[in-house]
$ cat target.tsv   # TSV, C-alpha atoms and all ligand atoms
chain	number	residue	atom	x	y	z
S	1	MET	CA	137.69	75.85	122.60
S	2	GLN	CA	141.30	75.54	123.69
S	3	ILE	CA	144.37	77.63	122.92
S	4	SER	CA	147.82	76.05	122.81
S	5	PRO	CA	150.52	78.72	122.33
S	6	SER	CA	153.58	77.45	120.47
S	7	ILE	CA	156.79	78.25	122.32
S	8	LEU	CA	158.61	78.16	118.98
S	9	SER	CA	157.87	81.89	118.84
S	10	ALA	CA	158.86	82.49	122.48
S	11	ASP	CA	162.19	83.78	123.80
S	12	PHE	CA	164.24	80.58	124.10
S	13	ALA	CA	166.57	82.23	126.63
S	14	ASN	CA	163.65	82.76	129.02
S	15	LEU	CA	161.33	79.81	128.56
S	16	GLN	CA	160.15	79.65	132.17
S	17	SER	CA	158.87	83.22	132.15
S	18	GLU	CA	157.49	82.74	128.63
S	19	LEU	CA	155.45	79.79	129.93
S	20	GLU	CA	154.29	81.79	132.94
S	21	ALA	CA	153.11	84.49	130.52
S	22	ILE	CA	150.57	82.08	129.05
S	23	SER	CA	149.23	80.61	132.30
S	24	ASN	CA	145.69	81.42	131.09
S	25	ALA	CA	146.17	79.11	128.07
S	26	ASP	CA	144.87	75.56	128.00
S	27	TRP	CA	148.17	74.03	126.90
S	28	ALA	CA	151.76	74.91	126.08
S	29	HIS	CA	152.62	73.61	122.61
S	30	VAL	CA	156.21	72.36	122.36
S	31	ASP	CA	157.56	71.73	118.85
S	32	VAL	CA	160.20	69.01	118.76
S	33	MET	CA	162.09	69.06	115.43
S	34	ASP	CA	164.97	66.79	114.46
S	35	ASN	CA	166.35	68.34	111.24
S	36	HIS	CA	165.39	65.12	109.41
S	37	PHE	CA	161.60	64.96	109.30
S	38	VAL	CA	161.63	68.75	108.98
S	39	PRO	CA	164.49	71.07	107.96
S	40	ASN	CA	164.82	72.63	111.40
S	41	LEU	CA	166.21	71.62	114.79
S	42	THR	CA	164.67	72.75	118.08
S	43	LEU	CA	164.81	70.75	121.29
S	44	GLY	CA	164.43	67.23	122.62
S	45	LEU	CA	163.45	65.19	125.65
S	46	PRO	CA	165.86	66.73	128.23
S	47	VAL	CA	164.53	70.22	127.52
S	48	VAL	CA	160.91	69.00	127.55
S	49	GLU	CA	161.57	67.40	130.96
S	50	ALA	CA	162.84	70.76	132.23
S	51	LEU	CA	159.82	72.59	130.78
S	52	LEU	CA	157.47	70.11	132.45
S	53	GLU	CA	158.99	71.11	135.81
S	54	VAL	CA	158.01	74.75	135.39
S	55	SER	CA	155.03	74.88	133.03
S	56	PRO	CA	151.87	76.24	134.68
S	57	VAL	CA	149.75	74.49	132.03
S	58	PRO	CA	149.81	70.97	130.54
S	59	VAL	CA	152.34	70.36	127.79
S	60	ASP	CA	151.24	69.44	124.27
S	61	CYS	CA	154.26	67.93	122.49
S	62	HIS	CA	154.26	67.99	118.70
S	63	LEU	CA	156.92	65.60	117.46
S	64	MET	CA	158.18	66.56	114.01
S	65	ILE	CA	160.74	63.76	114.03
S	66	GLU	CA	161.62	60.55	112.27
S	67	ASP	CA	161.04	57.29	114.11
S	68	PRO	CA	158.32	58.47	116.51
S	69	ASP	CA	157.67	54.76	117.21
S	70	ARG	CA	160.90	54.81	119.17
S	71	TRP	CA	160.80	58.28	120.75
S	72	ALA	CA	157.16	59.26	121.35
S	73	PRO	CA	156.48	57.06	124.41
S	74	GLY	CA	159.42	58.68	126.22
S	75	TYR	CA	157.73	62.10	126.06
S	76	ALA	CA	154.59	60.61	127.61
S	77	GLU	CA	156.65	58.82	130.28
S	78	ALA	CA	158.33	62.14	131.09
S	79	GLY	CA	154.92	63.61	131.87
S	80	ALA	CA	153.83	65.41	128.69
S	81	GLN	CA	150.04	65.37	128.89
S	82	SER	CA	149.56	65.16	125.10
S	83	VAL	CA	151.93	63.69	122.52
S	84	THR	CA	151.41	64.09	118.77
S	85	PHE	CA	153.32	62.14	116.13
S	86	HIS	CA	153.22	62.42	112.33
S	87	VAL	CA	151.63	59.57	110.38
S	88	GLU	CA	154.13	60.26	107.56
S	89	ALA	CA	156.95	59.27	109.92
S	90	ALA	CA	155.44	56.41	111.93
S	91	ARG	CA	156.08	52.81	110.88
S	92	ASP	CA	153.30	51.49	113.12
S	93	PRO	CA	150.91	54.34	114.03
S	94	VAL	CA	148.56	52.06	116.00
S	95	ALA	CA	151.37	50.77	118.22
S	96	THR	CA	152.79	54.27	118.66
S	97	ALA	CA	149.42	55.71	119.73
S	98	ARG	CA	148.86	52.79	122.11
S	99	ALA	CA	152.31	53.22	123.66
S	100	ILE	CA	151.66	56.94	124.24
S	101	ARG	CA	148.35	56.19	125.93
S	102	ALA	CA	149.82	53.34	127.96
S	103	ALA	CA	152.34	55.84	129.33
S	104	GLY	CA	149.48	58.04	130.51
S	105	ALA	CA	149.27	60.80	127.90
S	106	ARG	CA	146.66	61.77	125.37
S	107	ALA	CA	147.73	60.49	121.96
S	108	ALA	CA	147.35	62.38	118.68
S	109	PHE	CA	148.38	62.00	115.09
S	110	ALA	CA	149.24	64.83	112.72
S	111	VAL	CA	148.89	65.13	108.95
S	112	LYS	CA	150.97	67.50	106.82
S	113	PRO	CA	149.16	69.69	104.25
S	114	GLY	CA	149.82	67.21	101.43
S	115	THR	CA	148.69	64.17	103.43
S	116	PRO	CA	145.02	63.16	103.12
S	117	PHE	CA	143.09	62.25	106.27
S	118	ASP	CA	140.83	59.53	104.82
S	119	PRO	CA	143.39	56.66	104.81
S	120	TYR	CA	143.85	57.26	108.54
S	121	GLU	CA	140.21	57.40	109.60
S	122	GLU	CA	140.48	54.00	111.32
S	123	LEU	CA	143.26	55.40	113.48
S	124	LEU	CA	140.64	57.52	115.27
S	125	ALA	CA	140.02	54.44	117.41
S	126	GLU	CA	143.47	54.88	118.94
S	127	VAL	CA	143.75	58.63	119.55
S	128	ASP	CA	142.37	61.56	121.50
S	129	MET	CA	143.14	64.27	118.94
S	130	VAL	CA	143.96	64.79	115.25
S	131	LEU	CA	146.27	67.64	114.22
S	132	VAL	CA	145.65	69.12	110.78
S	133	MET	CA	148.71	71.18	109.81
S	134	THR	CA	147.82	74.52	108.24
S	135	VAL	CA	151.43	75.22	107.18
S	136	GLU	CA	154.27	72.95	106.10
S	137	PRO	CA	155.82	71.88	109.41
S	138	GLY	CA	159.22	73.28	110.29
S	139	PHE	CA	158.93	76.98	111.00
S	140	GLY	CA	156.78	79.54	112.79
S	141	GLY	CA	155.45	82.68	111.17
S	142	GLN	CA	154.29	81.13	107.88
S	143	SER	CA	151.10	81.99	106.02
S	144	PHE	CA	147.94	80.11	106.93
S	145	MET	CA	146.78	77.57	104.33
S	146	ALA	CA	143.03	78.04	104.01
S	147	ASP	CA	142.95	75.14	101.55
S	148	GLN	CA	143.26	72.79	104.54
S	149	MET	CA	139.78	73.71	105.84
S	150	PRO	CA	138.01	70.95	103.85
S	151	LYS	CA	140.31	68.46	105.59
S	152	VAL	CA	139.38	69.91	108.99
S	153	ARG	CA	135.72	69.43	108.02
S	154	ARG	CA	136.34	65.82	106.99
S	155	VAL	CA	138.06	65.07	110.29
S	156	ARG	CA	135.24	66.71	112.25
S	157	GLU	CA	132.63	64.72	110.30
S	158	ALA	CA	134.52	61.47	110.89
S	159	VAL	CA	134.78	62.24	114.62
S	160	ARG	CA	131.06	62.98	114.75
S	161	ARG	CA	130.21	59.73	112.94
S	162	ARG	CA	132.36	57.81	115.38
S	163	GLY	CA	131.04	59.46	118.52
S	164	GLY	CA	133.12	60.04	121.63
S	165	GLU	CA	135.36	62.98	122.28
S	166	ILE	CA	138.26	63.41	119.89
S	167	TRP	CA	139.67	66.90	119.56
S	168	VAL	CA	140.60	68.49	116.22
S	169	GLN	CA	143.69	70.70	116.37
S	170	VAL	CA	145.00	73.17	113.79
S	171	ASP	CA	148.56	74.49	113.74
S	172	GLY	CA	150.26	77.09	111.58
S	173	GLY	CA	149.34	80.66	110.75
S	174	VAL	CA	146.48	80.64	113.26
S	175	SER	CA	145.71	84.24	114.26
S	176	ALA	CA	142.83	86.63	114.91
S	177	ASP	CA	142.42	86.80	111.12
S	178	THR	CA	142.24	83.04	110.52
S	179	ILE	CA	140.93	81.37	113.69
S	180	GLU	CA	137.27	81.95	112.80
S	181	GLN	CA	137.40	79.80	109.67
S	182	CYS	CA	139.20	77.07	111.62
S	183	ALA	CA	136.50	77.07	114.30
S	184	GLU	CA	133.71	77.11	111.72
S	185	ALA	CA	135.31	74.13	109.96
S	186	GLY	CA	135.30	72.15	113.21
S	187	ALA	CA	138.63	72.72	114.95
S	188	ASP	CA	138.51	73.01	118.73
S	189	VAL	CA	142.20	73.22	119.70
S	190	PHE	CA	144.21	76.07	118.22
S	191	VAL	CA	147.99	76.30	118.16
S	192	ALA	CA	149.29	79.84	117.76
S	193	GLY	CA	152.91	80.96	117.97
S	194	SER	CA	153.52	84.39	116.48
S	195	ALA	CA	149.90	85.45	117.10
S	196	VAL	CA	150.54	85.00	120.85
S	197	TYR	CA	154.25	85.62	121.49
S	198	GLY	CA	154.44	88.32	118.83
S	199	LYS	CA	151.98	90.49	120.79
S	200	ASP	CA	152.68	92.92	123.64
S	201	SER	CA	150.57	90.78	125.97
S	202	ALA	CA	150.66	87.04	125.28
S	203	ALA	CA	147.93	86.47	127.88
S	204	ALA	CA	145.60	89.00	126.25
S	205	ALA	CA	146.24	87.39	122.86
S	206	VAL	CA	145.26	83.98	124.29
S	207	ASP	CA	142.00	85.39	125.68
S	208	ASP	CA	141.21	87.20	122.42
S	209	LEU	CA	141.84	84.10	120.29
S	210	ARG	CA	139.70	81.92	122.58
S	211	ALA	CA	136.83	84.44	122.48
S	212	LEU	CA	136.97	84.57	118.67
S	213	ALA	CA	136.96	80.78	118.43
S	214	GLU	CA	134.02	80.52	120.84
S	215	ARG	CA	132.04	82.97	118.74
S	216	HIS	CA	132.54	80.84	115.64
S	217	ARG	CA	132.13	77.39	117.20
S	218	HIS	CA	130.98	74.94	114.51
Y	301	LIG	O1	154.52	73.31	114.22
Y	301	LIG	C1	154.67	74.44	113.86
Y	301	LIG	C2	155.56	74.75	112.72
Y	301	LIG	O2	156.05	73.56	112.25
Y	301	LIG	C3	153.89	75.48	114.53
Y	301	LIG	O3	153.58	75.15	115.87
Y	301	LIG	C4	154.37	76.88	114.45
Y	301	LIG	O4	155.36	77.13	115.39
Y	301	LIG	C5	153.22	77.81	114.67
Y	301	LIG	O5	153.70	79.11	114.54
Y	301	LIG	P1	152.79	80.25	113.93
Y	301	LIG	O6	152.48	79.84	112.50
Y	301	LIG	O7	151.55	80.30	114.76
Y	301	LIG	O8	153.63	81.46	114.04

$ encode --input "target.tsv" --output "structure tokens" --more "lines below"
Ligand SMILES: O=C(CO)[C@@H](O)[C@H](O)COP(=O)(O)O
Amino acid sequence: MQISPSILSADFANLQSELEAISNADWAHVDVMDNHFVPNLTLGLPVVEALLEVSPVPVDCHLMIEDPDRWAPGYAEAGAQSVTFHVEAARDPVATARAIRAAGARAAFAVKPGTPFDPYEELLAEVDMVLVMTVEPGFGGQSFMADQMPKVRRVREAVRRRGGEIWVQVDGGVSADTIEQCAEAGADVFVAGSAVYGKDSAAAAVDDLRALAERHRH
């Protein structure tokens, strides 16, 4: 069970210390938004390169951008240890996943709440993780969408049928109140922004979330 705090809820003026505050996490989740695929703009490759210099934990890049075919490999080449692109945006998801892996990173694809998983089951052959969004991508602090749990179950079942180790990530509204149902449905990587950086101790929040997920492992 792995926790990946989203720095979208961190203090952007102090990202190095915000990363150091979650050194007990498994990953640092970096949300790249382009104001086209989603109606919000965050940061891009130069900032990710700077974060990679100082992050005490591996970086998990979630690309909420158009044309990931063009941009995603660059994040892997820069040293991001995991790069996730959206199937809704990719022209050639197989080639994009292969390019990420060829550059040395774990590859993942994400599906928005309205996007079914089943048409993409074959893509499991090309990736190391599937991200099931539990909010509409674009902003932190939104309400968790419990109606995505059947999709998490479907992904977990498909991974089990296939064999091998493919992680199932959930992102959006994940907190102490919602992480149990995610774990029970089959998620094993949990992105949490406000439930980590909104607390007095981000490190304690990471430990608490991981313990809750472990207790409800599927
Ligand atoms: O990708 C996104 C939003 O698009 C997420 O990573 C959020 O940033 C998670 O924030 P919380 O819902 O946990 O506050």

$ residues_near_ligand --input "target.tsv" --ligand "ligand LIG 301 (chain Y)" --cutoff "9 Å" --atoms "only C-alpha atoms and all ligand atoms" --output "VMD selection string"
chain S and resid 5 to 9 29 to 33 38 40 62 to 64 133 to 144 171 to 175 191 to 198

$ atom_distance --input "target.tsv" --atom1 "CA of Ile22 in chain S" --atom2 "CA of Val206 in chain S"
7.4 Å

$ closest_residue --input "target.tsv" --among "S:Thr42, S:Thr115, S:Gln81, S:Gln181" --to "His218 in chain S" --atoms "all atoms listed in the file"
S:Gln181

$ residues_around --input "target.tsv" --residues "Val189 in chain S" --least-positions-apart "2" --cutoff "10 Å" --atoms "all atoms listed in the file" --output "list in words"
Met1, Gln2, Ile3, Ser4, Asp26, Trp27, Met129, Val130, Leu131, Trp167, Val168, Gln169, Val170, Asp171, Cys182, Ala183, Gly186, Ala187, Val191, Ala192, Arg210 and Ala213 of chain S

$ closest_residue --input "target.tsv" --among "S:Ala25, S:Ala185, S:Ala211, S:Ile100" --to "Tyr75 in chain S" --atoms "only C-alpha atoms"
S:Ile100

$ residues_around --input "target.tsv" --residues "range 83-88 of chain S" --least-positions-apart "5" --cutoff "10 Å" --atoms "all atoms listed in the file" --output "CSV table (one decimal) with C-alpha atoms, in the frame of the given file"
chain,number,residue,atom,x,y,z
S,29,HIS,CA,152.6,73.6,122.6
S,30,VAL,CA,156.2,72.4,122.4
S,31,ASP,CA,157.6,71.7,118.8
S,37,PHE,CA,161.6,65.0,109.3
S,59,VAL,CA,152.3,70.4,127.8
S,60,ASP,CA,151.2,69.4,124.3
S,61,CYS,CA,154.3,67.9,122.5
S,62,HIS,CA,154.3,68.0,118.7
S,63,LEU,CA,156.9,65.6,117.5
S,64,MET,CA,158.2,66.6,114.0
S,65,ILE,CA,160.7,63.8,114.0
S,66,GLU,CA,161.6,60.6,112.3
S,67,ASP,CA,161.0,57.3,114.1
S,68,PRO,CA,158.3,58.5,116.5
S,69,ASP,CA,157.7,54.8,117.2
S,71,TRP,CA,160.8,58.3,120.8
S,72,ALA,CA,157.2,59.3,121.4
S,73,PRO,CA,156.5,57.1,124.4
S,74,GLY,CA,159.4,58.7,126.2
S,75,TYR,CA,157.7,62.1,126.1
S,76,ALA,CA,154.6,60.6,127.6
S,93,PRO,CA,150.9,54.3,114.0
S,94,VAL,CA,148.6,52.1,116.0
S,96,THR,CA,152.8,54.3,118.7
S,97,ALA,CA,149.4,55.7,119.7
S,100,ILE,CA,151.7,56.9,124.2
S,101,ARG,CA,148.4,56.2,125.9
S,105,ALA,CA,149.3,60.8,127.9
S,106,ARG,CA,146.7,61.8,125.4
S,107,ALA,CA,147.7,60.5,122.0
S,108,ALA,CA,147.4,62.4,118.7
S,109,PHE,CA,148.4,62.0,115.1
S,110,ALA,CA,149.2,64.8,112.7
S,111,VAL,CA,148.9,65.1,109.0
S,112,LYS,CA,151.0,67.5,106.8
S,115,THR,CA,148.7,64.2,103.4
S,117,PHE,CA,143.1,62.2,106.3
S,120,TYR,CA,143.8,57.3,108.5
S,123,LEU,CA,143.3,55.4,113.5
S,127,VAL,CA,143.8,58.6,119.6
S,128,ASP,CA,142.4,61.6,121.5
S,129,MET,CA,143.1,64.3,118.9
S,130,VAL,CA,144.0,64.8,115.2
S,131,LEU,CA,146.3,67.6,114.2

$ atom_distance --input "target.tsv" --atom1 "CA of Ala28 in chain S" --atom2 "CA of Met145 in chain S"
22.5 Å

$ atom_distance --input "target.tsv" --atom1 "CA of Ala50 in chain S" --atom2 "CA of Ala89 in chain S"
25.8 Å

$ closest_residue --input "target.tsv" --among "S:Gly164, S:Pro119, S:Pro56, S:Gly114" --to "Ser17 in chain S" --atoms "all atoms listed in the file"
S:Pro56

$ axis_aligned_box --input "target.tsv" --around "range 172-176 of chain S" --padding-each-side "6 Å" --output "JSON"
{"center_x": 146.5, "center_y": 81.9, "center_z": 112.8, "size_x": 19.4, "size_y": 21.5, "size_z": 16.2}

$ closest_residue --input "target.tsv" --among "S:Glu121, S:Glu126, S:Glu214, S:Glu18" --to "Arg98 in chain S" --atoms "only C-alpha atoms"
S:Glu126

$ closest_residue --input "target.tsv" --among "S:Asn24, S:Val132, S:Ala13, S:Ala90" --to "Leu209 in chain S" --atoms "only C-alpha atoms"
S:Asn24

$ closest_residue --input "target.tsv" --among "S:Ala78, S:Ala176, S:Glu165, S:Pro58" --to "Asp207 in chain S" --atoms "all atoms listed in the file"
S:Ala176
